[in-house]
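Below: protein05.txt (compact mmCIF, C-alpha atoms)
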```
# COMPACT_ATOMS: atom_id res chain seq x y z
CA PHE Y 1 31.53 71.26 -15.96
CA TRP Y 2 27.81 71.12 -15.25
CA ALA Y 3 27.55 67.79 -17.07
CA GLN Y 4 30.36 66.39 -14.98
CA ARG Y 5 28.85 67.85 -11.82
CA GLY Y 6 25.37 66.54 -12.65
CA GLY Y 7 26.77 63.07 -13.40
CA SER Y 8 28.69 63.10 -10.14
CA MET Y 9 25.58 64.10 -8.16
CA PHE Y 10 23.55 61.38 -9.86
CA LEU Y 11 26.23 58.82 -9.08
CA ARG Y 12 26.34 59.94 -5.43
CA SER Y 13 22.55 59.65 -5.16
CA LEU Y 14 22.64 56.18 -6.69
CA LEU Y 15 25.35 55.10 -4.29
CA ALA Y 16 23.32 56.43 -1.33
CA VAL Y 17 20.26 54.40 -2.44
CA ILE Y 18 22.41 51.32 -2.90
CA ALA Y 19 23.95 51.77 0.53
CA ALA Y 20 20.53 52.15 2.14
CA ALA Y 21 19.21 49.08 0.38
CA GLY Y 22 22.31 47.17 1.36
CA ALA Y 23 21.86 48.13 5.00
CA ALA Y 24 18.22 47.10 4.96
CA ASP Y 25 18.96 43.74 3.32
CA ALA Y 26 22.19 43.11 5.20
CA PHE Y 27 24.21 43.40 1.99
CA MET Y 28 27.16 45.18 3.57
CA ALA Y 29 29.83 43.42 1.54
CA GLY Y 30 32.30 45.51 -0.45
CA PRO Y 31 33.78 44.50 -3.75
CA SER Y 32 36.83 42.96 -2.13
CA SER Y 33 34.86 40.91 0.38
CA ILE Y 34 32.58 39.11 -2.10
CA ALA Y 35 33.62 35.48 -2.47
CA PRO Y 36 31.96 32.13 -3.13
CA SER Y 37 32.00 31.45 0.63
CA ALA Y 38 29.57 34.32 1.08
CA PHE Y 39 27.00 32.25 -0.81
CA ARG Y 40 27.55 29.19 1.42
CA GLY Y 41 29.66 27.37 -1.11
CA ASP Y 42 27.44 28.05 -4.15
CA VAL Y 43 29.35 29.15 -7.23
CA LEU Y 44 27.85 31.54 -9.73
CA ASN Y 45 26.81 30.01 -13.04
CA THR Y 46 29.47 31.68 -15.17
CA ALA Y 47 30.74 30.19 -18.42
CA ALA Y 48 34.17 28.63 -18.33
CA ARG Y 49 36.90 30.22 -20.40
CA PRO Y 50 37.77 28.50 -23.67
CA GLY Y 51 40.28 25.74 -23.14
CA ARG Y 52 39.85 25.82 -19.36
CA ALA Y 53 37.60 23.47 -17.32
CA ALA Y 54 35.03 24.94 -14.95
CA VAL Y 55 36.08 24.81 -11.32
CA GLY Y 56 33.64 23.57 -8.64
CA PRO Y 57 29.95 22.66 -8.91
CA VAL Y 58 27.81 24.70 -11.26
CA MET Y 59 24.43 25.80 -9.94
CA ALA Y 60 21.32 25.44 -12.03
CA SER Y 61 19.98 28.62 -13.51
CA THR Y 62 17.10 30.49 -11.92
CA LYS Y 63 14.78 29.37 -14.69
CA GLU Y 64 15.72 25.72 -14.20
CA LEU Y 65 15.18 25.97 -10.45
CA ARG Y 66 11.74 27.53 -10.95
CA GLU Y 67 10.80 24.74 -13.37
CA ARG Y 68 11.94 22.10 -10.88
CA VAL Y 69 9.93 23.72 -8.09
CA ASP Y 70 6.83 23.75 -10.31
CA SER Y 71 7.43 20.13 -11.31
CA VAL Y 72 7.76 18.97 -7.70
CA LYS Y 73 4.68 20.98 -6.76
CA ASN Y 74 2.64 19.21 -9.48
CA THR Y 75 3.99 15.83 -8.33
CA LYS Y 76 2.87 16.60 -4.78
CA LYS Y 77 -0.63 17.39 -6.05
CA ILE Y 78 -0.77 14.02 -7.81
CA THR Y 79 0.45 12.02 -4.79
CA SER Y 80 -1.97 13.84 -2.47
CA ALA Y 81 -4.85 13.08 -4.84
CA MET Y 82 -3.83 9.41 -5.03
CA ARG Y 83 -3.78 9.23 -1.24
CA LEU Y 84 -7.32 10.59 -1.02
CA VAL Y 85 -8.51 8.19 -3.72
CA ALA Y 86 -6.99 5.27 -1.82
CA ALA Y 87 -8.72 6.46 1.37
CA ALA Y 88 -12.08 6.56 -0.42
CA LYS Y 89 -11.51 3.01 -1.71
CA VAL Y 90 -10.64 1.83 1.81
CA ARG Y 91 -13.98 3.15 3.02
CA ARG Y 92 -15.71 1.37 0.14
CA ALA Y 93 -13.97 -1.92 1.02
CA GLN Y 94 -14.91 -1.39 4.65
CA ASP Y 95 -18.58 -0.97 3.73
CA ALA Y 96 -18.45 -4.16 1.63
CA VAL Y 97 -17.11 -6.14 4.60
CA LEU Y 98 -19.79 -4.78 6.92
CA LYS Y 99 -22.54 -5.63 4.43
CA THR Y 100 -21.45 -9.27 4.14
CA ARG Y 101 -21.00 -9.76 7.88
CA PRO Y 102 -24.66 -10.60 8.79
CA PHE Y 103 -24.71 -13.44 6.25
CA SER Y 104 -21.35 -14.73 7.49
CA GLU Y 105 -22.53 -14.69 11.12
CA THR Y 106 -25.75 -16.57 10.33
CA LEU Y 107 -23.86 -19.11 8.22
CA GLN Y 108 -21.34 -19.65 10.99
CA LYS Y 109 -24.11 -20.16 13.57
CA VAL Y 110 -25.92 -22.76 11.46
CA LEU Y 111 -22.66 -24.47 10.57
CA GLY Y 112 -21.55 -24.64 14.20
CA GLY Y 113 -24.93 -26.01 15.27
CA LEU Y 114 -24.89 -28.72 12.61
CA ILE Y 115 -21.36 -29.76 13.52
CA GLU Y 116 -22.33 -30.10 17.18
CA ARG Y 117 -25.46 -32.02 16.19
CA LEU Y 118 -23.48 -34.47 14.04
CA LYS Y 119 -20.52 -34.95 16.38
CA LYS Y 120 -22.00 -38.12 17.81
CA ASP Y 121 -22.83 -39.51 14.37
CA ASN Y 122 -19.18 -39.61 13.22
CA PHE Y 123 -19.94 -37.38 10.27
CA ASP Y 124 -17.35 -37.68 7.52
CA SER Y 125 -16.93 -35.02 4.87
CA PRO Y 126 -14.14 -34.70 2.28
CA LEU Y 127 -13.72 -31.05 3.25
CA LEU Y 128 -13.16 -31.95 6.91
CA THR Y 129 -11.06 -35.09 6.53
CA GLU Y 130 -7.30 -34.96 6.99
CA ARG Y 131 -5.29 -37.08 4.55
CA PRO Y 132 -1.58 -37.67 3.88
CA VAL Y 133 -0.07 -34.67 2.17
CA ASN Y 134 1.66 -35.53 -1.09
CA LYS Y 135 0.79 -32.37 -3.01
CA VAL Y 136 -0.18 -28.86 -1.94
CA LEU Y 137 -2.08 -26.18 -3.82
CA LEU Y 138 -0.50 -22.86 -2.80
CA VAL Y 139 -2.73 -19.81 -3.37
CA SER Y 140 -0.94 -16.44 -3.38
CA MET Y 141 -2.68 -13.07 -3.06
CA THR Y 142 -0.96 -9.90 -4.23
CA GLY Y 143 -2.05 -6.61 -5.79
CA ASP Y 144 -2.68 -5.73 -9.41
CA ARG Y 145 -0.72 -2.47 -9.36
CA GLY Y 146 2.33 -0.89 -7.78
CA LEU Y 147 2.84 2.45 -5.99
CA CYS Y 148 1.93 0.81 -2.69
CA GLY Y 149 5.27 0.67 -0.90
CA GLY Y 150 6.53 -2.80 -0.04
CA TYR Y 151 3.11 -4.47 -0.01
CA ASN Y 152 3.63 -6.65 -3.09
CA THR Y 153 7.25 -7.37 -2.21
CA TYR Y 154 6.42 -8.69 1.25
CA ALA Y 155 3.46 -10.73 -0.04
CA ILE Y 156 5.63 -12.34 -2.74
CA LYS Y 157 8.45 -13.03 -0.26
CA LYS Y 158 6.01 -14.76 2.10
CA ALA Y 159 4.64 -17.01 -0.65
CA GLU Y 160 8.13 -17.79 -1.96
CA ALA Y 161 9.37 -18.63 1.55
CA ARG Y 162 6.50 -21.10 1.94
CA ALA Y 163 7.25 -22.58 -1.50
CA MET Y 164 10.89 -23.10 -0.51
CA GLU Y 165 9.78 -24.80 2.73
CA LEU Y 166 7.64 -27.23 0.74
CA GLN Y 167 10.56 -27.93 -1.60
CA GLU Y 168 12.85 -28.64 1.36
CA GLN Y 169 10.25 -31.06 2.75
CA GLY Y 170 10.05 -32.83 -0.60
CA ILE Y 171 6.36 -31.95 -1.10
CA ASP Y 172 5.21 -31.18 -4.62
CA PHE Y 173 3.02 -28.13 -5.13
CA ASP Y 174 1.15 -26.11 -7.73
CA MET Y 175 0.29 -22.44 -7.49
CA VAL Y 176 -2.81 -20.33 -8.02
CA THR Y 177 -2.12 -16.60 -8.15
CA ILE Y 178 -4.66 -13.90 -7.32
CA GLY Y 179 -3.25 -10.54 -8.38
CA THR Y 180 -1.30 -9.42 -11.43
CA LYS Y 181 1.98 -8.78 -9.57
CA GLY Y 182 2.09 -12.34 -8.23
CA THR Y 183 1.24 -13.76 -11.65
CA GLN Y 184 4.10 -11.84 -13.27
CA TYR Y 185 6.60 -13.02 -10.64
CA PHE Y 186 5.61 -16.64 -10.01
CA GLY Y 187 4.65 -17.40 -13.61
CA LYS Y 188 8.34 -17.43 -14.57
CA ARG Y 189 9.48 -19.54 -11.60
CA TYR Y 190 6.82 -22.06 -10.58
CA ASN Y 191 3.96 -24.06 -12.05
CA VAL Y 192 1.02 -21.64 -11.97
CA VAL Y 193 -2.10 -23.60 -12.92
CA LYS Y 194 -4.52 -20.68 -12.69
CA SER Y 195 -4.28 -16.92 -12.30
CA TYR Y 196 -6.84 -14.24 -11.46
CA THR Y 197 -6.97 -10.50 -10.91
CA ILE Y 198 -8.04 -9.11 -7.57
CA GLY Y 199 -9.15 -5.55 -8.43
CA ASN Y 200 -10.04 -2.90 -5.87
CA ALA Y 201 -13.41 -4.28 -4.75
CA PRO Y 202 -13.65 -8.10 -4.80
CA THR Y 203 -17.21 -9.38 -5.27
CA ALA Y 204 -18.92 -12.57 -4.16
CA GLU Y 205 -19.14 -13.71 -7.79
CA GLU Y 206 -15.38 -13.38 -8.26
CA ALA Y 207 -14.67 -15.19 -4.99
CA THR Y 208 -17.12 -17.98 -5.93
CA ALA Y 209 -15.43 -18.55 -9.30
CA ILE Y 210 -12.03 -18.86 -7.61
CA ALA Y 211 -13.37 -21.03 -4.77
CA ASP Y 212 -15.14 -23.42 -7.17
CA ASN Y 213 -11.89 -24.01 -9.05
CA ILE Y 214 -9.98 -24.62 -5.80
CA LEU Y 215 -12.67 -26.96 -4.45
CA ALA Y 216 -12.70 -28.94 -7.70
CA THR Y 217 -8.93 -29.36 -7.52
CA TYR Y 218 -9.08 -30.49 -3.90
CA LEU Y 219 -12.06 -32.85 -4.22
CA SER Y 220 -10.60 -34.48 -7.33
CA GLY Y 221 -7.52 -35.47 -5.34
CA GLU Y 222 -5.11 -33.32 -7.35
CA ALA Y 223 -4.13 -31.59 -4.08
CA ASP Y 224 -4.19 -32.92 -0.52
CA ARG Y 225 -4.06 -29.51 1.13
CA VAL Y 226 -4.81 -25.92 0.12
CA GLU Y 227 -2.75 -23.13 1.68
CA LEU Y 228 -3.32 -19.41 1.24
CA THR Y 229 -0.77 -16.62 1.59
CA TYR Y 230 -2.41 -13.24 2.07
CA THR Y 231 -1.76 -9.93 3.84
CA ARG Y 232 -3.56 -9.52 7.13
CA PHE Y 233 -4.77 -5.98 7.73
CA THR Y 234 -3.41 -4.60 11.01
CA SER Y 235 -3.54 -0.81 10.67
CA LEU Y 236 -3.10 1.95 8.12
CA ILE Y 237 0.66 1.85 8.59
CA ALA Y 238 1.21 -1.87 9.17
CA SER Y 239 0.13 -5.16 7.64
CA GLU Y 240 1.22 -8.74 8.21
CA PRO Y 241 1.79 -11.34 5.45
CA SER Y 242 0.32 -14.61 6.70
CA VAL Y 243 -0.09 -18.24 5.69
CA ARG Y 244 -3.37 -20.04 6.35
CA THR Y 245 -4.56 -23.59 5.67
CA MET Y 246 -7.88 -23.30 3.84
CA LEU Y 247 -8.55 -26.99 3.13
CA PRO Y 248 -9.24 -29.29 4.84
CA LEU Y 249 -11.48 -27.23 7.08
CA SER Y 250 -11.11 -27.58 10.83
CA PRO Y 251 -14.40 -28.10 12.70
CA THR Y 252 -12.88 -26.62 15.86
CA GLY Y 253 -11.71 -23.55 13.97
CA ILE Y 254 -15.17 -23.02 12.50
CA GLU Y 255 -16.78 -23.08 15.92
CA THR Y 256 -14.33 -20.77 17.69
CA GLU Y 257 -13.17 -18.39 14.97
CA GLY Y 258 -13.75 -14.78 15.92
CA ASP Y 259 -13.50 -11.64 13.83
CA GLU Y 260 -11.93 -8.21 13.96
CA ILE Y 261 -13.73 -5.31 12.31
CA PHE Y 262 -11.73 -2.28 11.20
CA THR Y 263 -13.44 1.07 10.69
CA MET Y 264 -11.55 3.98 9.15
CA THR Y 265 -12.20 7.33 10.82
CA SER Y 266 -10.54 10.73 11.03
CA LYS Y 267 -8.91 12.12 14.16
CA ASP Y 268 -7.29 15.55 14.51
CA GLY Y 269 -7.39 15.96 10.74
CA GLN Y 270 -5.62 12.64 10.12
CA PHE Y 271 -6.91 9.25 9.00
CA ALA Y 272 -7.16 6.62 11.72
CA VAL Y 273 -8.55 3.11 12.18
CA ASP Y 274 -10.73 1.83 14.99
CA ALA Y 275 -10.54 -1.93 15.61
CA THR Y 276 -13.48 -3.80 17.15
CA ILE Y 277 -13.12 -7.40 18.30
CA ALA Y 278 -16.20 -9.44 17.41
CA GLU Y 279 -16.81 -12.52 19.52
CA PRO Y 280 -17.20 -15.88 17.76
CA ALA Y 281 -20.76 -16.56 16.61
CA ALA Y 282 -22.42 -18.93 19.06
CA PRO Y 283 -23.56 -22.20 17.45
CA GLU Y 284 -27.28 -22.37 16.71
CA GLN Y 285 -29.10 -24.50 19.27
CA PHE Y 286 -31.43 -26.84 17.41
CA PRO Y 287 -34.18 -28.56 19.44
CA LYS Y 288 -33.55 -32.25 19.95
CA ASP Y 289 -36.90 -33.14 18.40
CA MET Y 290 -36.33 -30.96 15.31
CA ILE Y 291 -36.99 -32.86 12.11
CA PHE Y 292 -34.92 -31.85 9.11
CA GLU Y 293 -36.52 -32.17 5.69
CA GLN Y 294 -33.11 -33.15 4.36
CA ASP Y 295 -30.50 -35.22 6.07
CA PRO Y 296 -28.29 -32.95 8.26
CA GLU Y 297 -25.23 -34.41 6.58
CA GLN Y 298 -26.50 -33.24 3.19
CA ILE Y 299 -27.23 -29.79 4.61
CA LEU Y 300 -23.74 -29.59 6.10
CA SER Y 301 -22.16 -30.78 2.85
CA ALA Y 302 -23.99 -27.95 1.03
CA ILE Y 303 -23.09 -25.29 3.62
CA LEU Y 304 -19.36 -26.08 3.83
CA PRO Y 305 -18.61 -24.80 0.29
CA LEU Y 306 -20.54 -21.62 1.11
CA TYR Y 307 -18.45 -21.19 4.23
CA PHE Y 308 -15.27 -21.69 2.20
CA ASN Y 309 -16.44 -19.10 -0.36
CA GLY Y 310 -17.10 -16.62 2.44
CA GLN Y 311 -13.67 -17.17 3.95
CA LEU Y 312 -11.95 -16.68 0.60
CA LEU Y 313 -13.92 -13.49 -0.05
CA ARG Y 314 -12.96 -12.15 3.34
CA GLN Y 315 -9.24 -12.82 2.76
CA MET Y 316 -9.46 -11.07 -0.63
CA GLN Y 317 -11.15 -8.05 0.95
CA GLU Y 318 -8.55 -7.97 3.72
CA SER Y 319 -5.68 -8.13 1.21
CA VAL Y 320 -7.20 -5.31 -0.84
CA ALA Y 321 -7.65 -3.20 2.30
CA SER Y 322 -3.98 -3.81 3.18
CA GLU Y 323 -2.92 -2.80 -0.34
CA LEU Y 324 -4.95 0.42 -0.24
CA ALA Y 325 -3.63 1.27 3.23
CA ALA Y 326 -0.08 0.69 1.98
CA ARG Y 327 -0.78 2.95 -1.00
CA MET Y 328 -2.09 5.65 1.34
CA THR Y 329 1.08 5.43 3.42
CA ALA Y 330 3.33 5.46 0.34
CA MET Y 331 1.58 8.47 -1.17
CA GLN Y 332 1.74 10.32 2.15
CA ALA Y 333 5.48 9.66 2.31
CA ALA Y 334 5.86 10.82 -1.30
CA SER Y 335 3.95 14.02 -0.52
CA ASP Y 336 6.15 14.68 2.52
CA ASN Y 337 9.29 14.10 0.45
CA ALA Y 338 7.97 16.46 -2.22
CA SER Y 339 7.42 19.13 0.44
CA ASP Y 340 10.99 18.72 1.72
CA LEU Y 341 12.36 18.87 -1.82
CA MET Y 342 10.33 22.02 -2.55
CA LYS Y 343 11.83 23.70 0.52
CA SER Y 344 15.34 22.72 -0.55
CA LEU Y 345 14.84 23.92 -4.12
CA THR Y 346 13.22 27.15 -2.94
CA LEU Y 347 16.21 27.78 -0.68
CA GLN Y 348 18.57 27.22 -3.59
CA LEU Y 349 16.47 29.56 -5.75
CA ASN Y 350 16.58 32.30 -3.11
CA ARG Y 351 20.33 31.90 -2.72
CA LYS Y 352 20.72 32.12 -6.48
CA ARG Y 353 18.68 35.32 -6.63
CA GLN Y 354 20.59 36.74 -3.67
CA ALA Y 355 23.88 35.94 -5.38
CA ALA Y 356 22.74 37.64 -8.61
CA ILE Y 357 21.59 40.76 -6.75
CA THR Y 358 24.83 40.90 -4.76
CA GLN Y 359 26.86 40.54 -7.93
CA GLU Y 360 24.97 43.39 -9.61
CA ILE Y 361 25.51 45.62 -6.57
CA ALA Y 362 29.20 44.76 -6.54
CA GLU Y 363 29.52 45.63 -10.22
CA ILE Y 364 27.78 48.98 -9.72
CA VAL Y 365 29.95 49.83 -6.71
CA ALA Y 366 33.07 48.79 -8.56
CA GLY Y 367 32.09 50.92 -11.54
CA ALA Y 368 31.38 53.90 -9.29
CA ASN Y 369 34.73 53.62 -7.55
CA SER Y 370 36.53 53.43 -10.83
```

Write out the structure in this file as structure tokens.
Amino acid sequence: FWAQRGGSMFLRSLLAVIAAAGAADAFMAGPSSIAPSAFRGDVLNTAARPGRAAVGPVMASTKELRERVDSVKNTKKITSAMRLVAAAKVRRAQDAVLKTRPFSETLQKVLGGLIERLKKDNFDSPLLTERPVNKVLLVSMTGDRGLCGGYNTYAIKKAEARAMELQEQGIDFDMVTIGTKGTQYFGKRYNVVKSYTIGNAPTAEEATAIADNILATYLSGEADRVELTYTRFTSLIASEPSVRTMLPLSPTGIETEGDEIFTMTSKDGQFAVDATIAEPAAPEQFPKDMIFEQDPEQILSAILPLYFNGQLLRQMQESVASELAARMTAMQAASDNASDLMKSLTLQLNRKRQAAITQEIAEIVAGANS
């Protein structure tokens, strides 16, 4: 009798605790009211009976959900780190552009002054002379790696669209690729005569090696025009694939070409870019009675390749900056998606735990009533 009475009192105490906990946690469902709809459509992960197929979707176990949450969390750490690394490389590329700007300005001033000085002398240079176009050397700039959104895709599409235009016009062309992604794509489809890597920080030596090869091809008559497809840096979230005629050089373009300097800053805890428009460098005014030790035509012929090298280096730096900005944007989007996925998985995990707790309570209540 006392054993039965003590067991009954213990059972009543347990039921009182369960009822209090259920009231606090809003678990007021009785055994008859528990259904899959109470878990918002989630079905408990129970094994199907032998010879009978499981009905409805089967939720992952709590352990699997925890592992997925940890995996997504680690992925978010990686994408956030890659975004910060890309931002640091953008700053490095920005510093490289600013360091080369004084030389470019001085070169442009001297070049503009010499062109104005020699205008009346009918100066003729192979790099400035237009000629009938029978063959084009198409230079394509892409990245070496992926994980940068649609940067490489858009750059390749721009170059391929230009190649198709040349084919429709009946103009033969060869290709020079700068960037591993472009080499892999165009090497199987077109005649790629030379390929280079672009890296994360193009140097003057690398640009000079590429420019010397292009100049040799143009001056030897193997190509009548050199066109460059590159990605113009617009902002951290936008870039514009562009086509530019590199050779022959345009004297008017050299005199009036301005510049736009981009500086990456931080604003309200987010990365931002400040754009500064630099006016074209005014041509150097040489005195009329100035005597040159060398003939001005020889000086101009020596400066034009330097100018071409500088322009090619600048386009490489701009393409790399566009790639890094695209990688920053892609990694930010990946981090945001990882955060959303973590919230969704955490919600599923909480529902799974809630369902398990509710099931245990229901079993205890059912056992007590029986």

Next on the checklist: If I take atom CA of Y:Arg327 and atom CA of Y:Lys73, how far is one from the other in Å, to one decimal?
Outcome noted: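 The value is 19.7 Å.
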
Item to check | Using only C-alpha atoms: which of Y:Lys157, Y:Arg225, Y:Lys194, Y:Lys181 has the shortest distance to Y:Ser242 | outcome: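 Nearest to Y:Ser242: Y:Lys157.
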
Item to check | All residues 12 Å or closer to Y:Asp70, all atoms listed in the file, same chain fewer than 3 positions away omitted, as a list in words | outcome: Lys63, Glu64, Leu65, Arg66, Glu67, Lys73, Asn74, Thr75, Lys76, Lys77, Ala338, Ser339, Leu341, Met342, Lys343, Leu345 and Thr346 of chain Y

Checklist entry - From the set Y:Gly187, Y:Gly170, Y:Gly143, Y:Pro305, which residue has the shortest atom-to-atom contact distance to Y:Glu318, counting only C-alpha atoms? => result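 For Y:Glu318, the nearest of the given residues is Y:Gly143.
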
Checklist entry - Please, which residues are within 10 Å of (-0.1, -4.4, 8.1) by the file's coordinates, counting all atoms listed in the file, and could they come as number ranges by chain? => result Y: 151, 231-241, 319, 321-323, 325-326

Next on the checklist: List as an NGL selection string the residues having at least one atom at most 12 Å from position (-13.6, -20.8, -9.7) as given in the file, counting all atoms listed in the file.
Outcome noted: :Y and (176 or 178 or 194-196 or 204-217 or 305 or 309 or 312)

Checklist outcome for this item: One residue among Y:Gln167, Y:Ser140, Y:Ser61, Y:Thr106 is nearest to Y:Val192 when using all atoms listed in the file, and that residue is Y:Ser140

Next on the checklist: I'd like the neighbourhood of Y:Lys89 as a PyMOL selection string, where a residue qualifies if any of its atoms comes within 10 Å (using all atoms listed in the file), though same-chain residues fewer than 5 positions away should be ignored.
Outcome noted: chain Y and resi 83-84+94-95+200-201+320-321+324-325

Item to check | Shell around Y:Met141 at 7 Å using all atoms listed in the file, local window under 4 positions removed, as a list in words | outcome: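 My list of contacting residues is Thr177, Ile178, Gly179, Thr229 and Tyr230 of chain Y.
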
Item to check | atom CA of Y:Phe186 to atom CA of Y:Val243, distance in Å rounded to a single decimal | outcome: 16.8 Å

Once N, CA, C and O atoms are restored for stretch 326-342 of chain Y, what would the output be as a short mmCIF file (atom, residue, chain, number, x, y, z; two decimals), in the frame of the given file?
```cif
data_model
loop_
_atom_site.label_atom_id
_atom_site.label_comp_id
_atom_site.auth_asym_id
_atom_site.auth_seq_id
_atom_site.Cartn_x
_atom_site.Cartn_y
_atom_site.Cartn_z
N ALA Y 326 -1.49 0.51 2.33
CA ALA Y 326 -0.08 0.69 1.98
C ALA Y 326 0.08 1.79 0.94
O ALA Y 326 1.06 2.56 0.99
N ARG Y 327 -0.86 1.89 0.00
CA ARG Y 327 -0.78 2.95 -1.00
C ARG Y 327 -0.99 4.32 -0.34
O ARG Y 327 -0.33 5.30 -0.70
N MET Y 328 -1.91 4.40 0.62
CA MET Y 328 -2.09 5.65 1.34
C MET Y 328 -0.80 6.08 2.03
O MET Y 328 -0.38 7.24 1.96
N THR Y 329 -0.16 5.12 2.71
CA THR Y 329 1.08 5.43 3.42
C THR Y 329 2.18 5.85 2.45
O THR Y 329 2.93 6.81 2.70
N ALA Y 330 2.29 5.14 1.32
CA ALA Y 330 3.33 5.46 0.34
C ALA Y 330 3.11 6.84 -0.27
O ALA Y 330 4.06 7.61 -0.44
N MET Y 331 1.87 7.17 -0.58
CA MET Y 331 1.58 8.47 -1.17
C MET Y 331 1.77 9.60 -0.16
O MET Y 331 2.18 10.71 -0.52
N GLN Y 332 1.49 9.32 1.12
CA GLN Y 332 1.74 10.32 2.15
C GLN Y 332 3.24 10.57 2.28
O GLN Y 332 3.69 11.72 2.39
N ALA Y 333 4.03 9.49 2.25
CA ALA Y 333 5.48 9.66 2.31
C ALA Y 333 6.00 10.40 1.09
O ALA Y 333 6.90 11.25 1.20
N ALA Y 334 5.43 10.10 -0.09
CA ALA Y 334 5.86 10.82 -1.30
C ALA Y 334 5.51 12.30 -1.21
O ALA Y 334 6.30 13.16 -1.63
N SER Y 335 4.34 12.61 -0.67
CA SER Y 335 3.95 14.02 -0.52
C SER Y 335 4.88 14.74 0.46
O SER Y 335 5.28 15.89 0.22
N ASP Y 336 5.22 14.08 1.55
CA ASP Y 336 6.15 14.68 2.52
C ASP Y 336 7.53 14.91 1.89
O ASP Y 336 8.16 15.96 2.10
N ASN Y 337 8.00 13.93 1.12
CA ASN Y 337 9.29 14.10 0.45
C ASN Y 337 9.24 15.24 -0.56
O ASN Y 337 10.22 15.99 -0.72
N ALA Y 338 8.12 15.37 -1.26
CA ALA Y 338 7.97 16.46 -2.22
C ALA Y 338 8.01 17.81 -1.51
O ALA Y 338 8.61 18.78 -2.01
N SER Y 339 7.38 17.88 -0.33
CA SER Y 339 7.42 19.13 0.44
C SER Y 339 8.84 19.48 0.85
O SER Y 339 9.27 20.64 0.75
N ASP Y 340 9.59 18.48 1.33
CA ASP Y 340 10.99 18.72 1.72
C ASP Y 340 11.83 19.16 0.51
O ASP Y 340 12.67 20.06 0.62
N LEU Y 341 11.60 18.51 -0.63
CA LEU Y 341 12.36 18.87 -1.82
C LEU Y 341 12.00 20.28 -2.30
O LEU Y 341 12.89 21.03 -2.75
N MET Y 342 10.73 20.66 -2.18
CA MET Y 342 10.33 22.02 -2.55
C MET Y 342 11.03 23.05 -1.67
O MET Y 342 11.50 24.09 -2.15
#
```
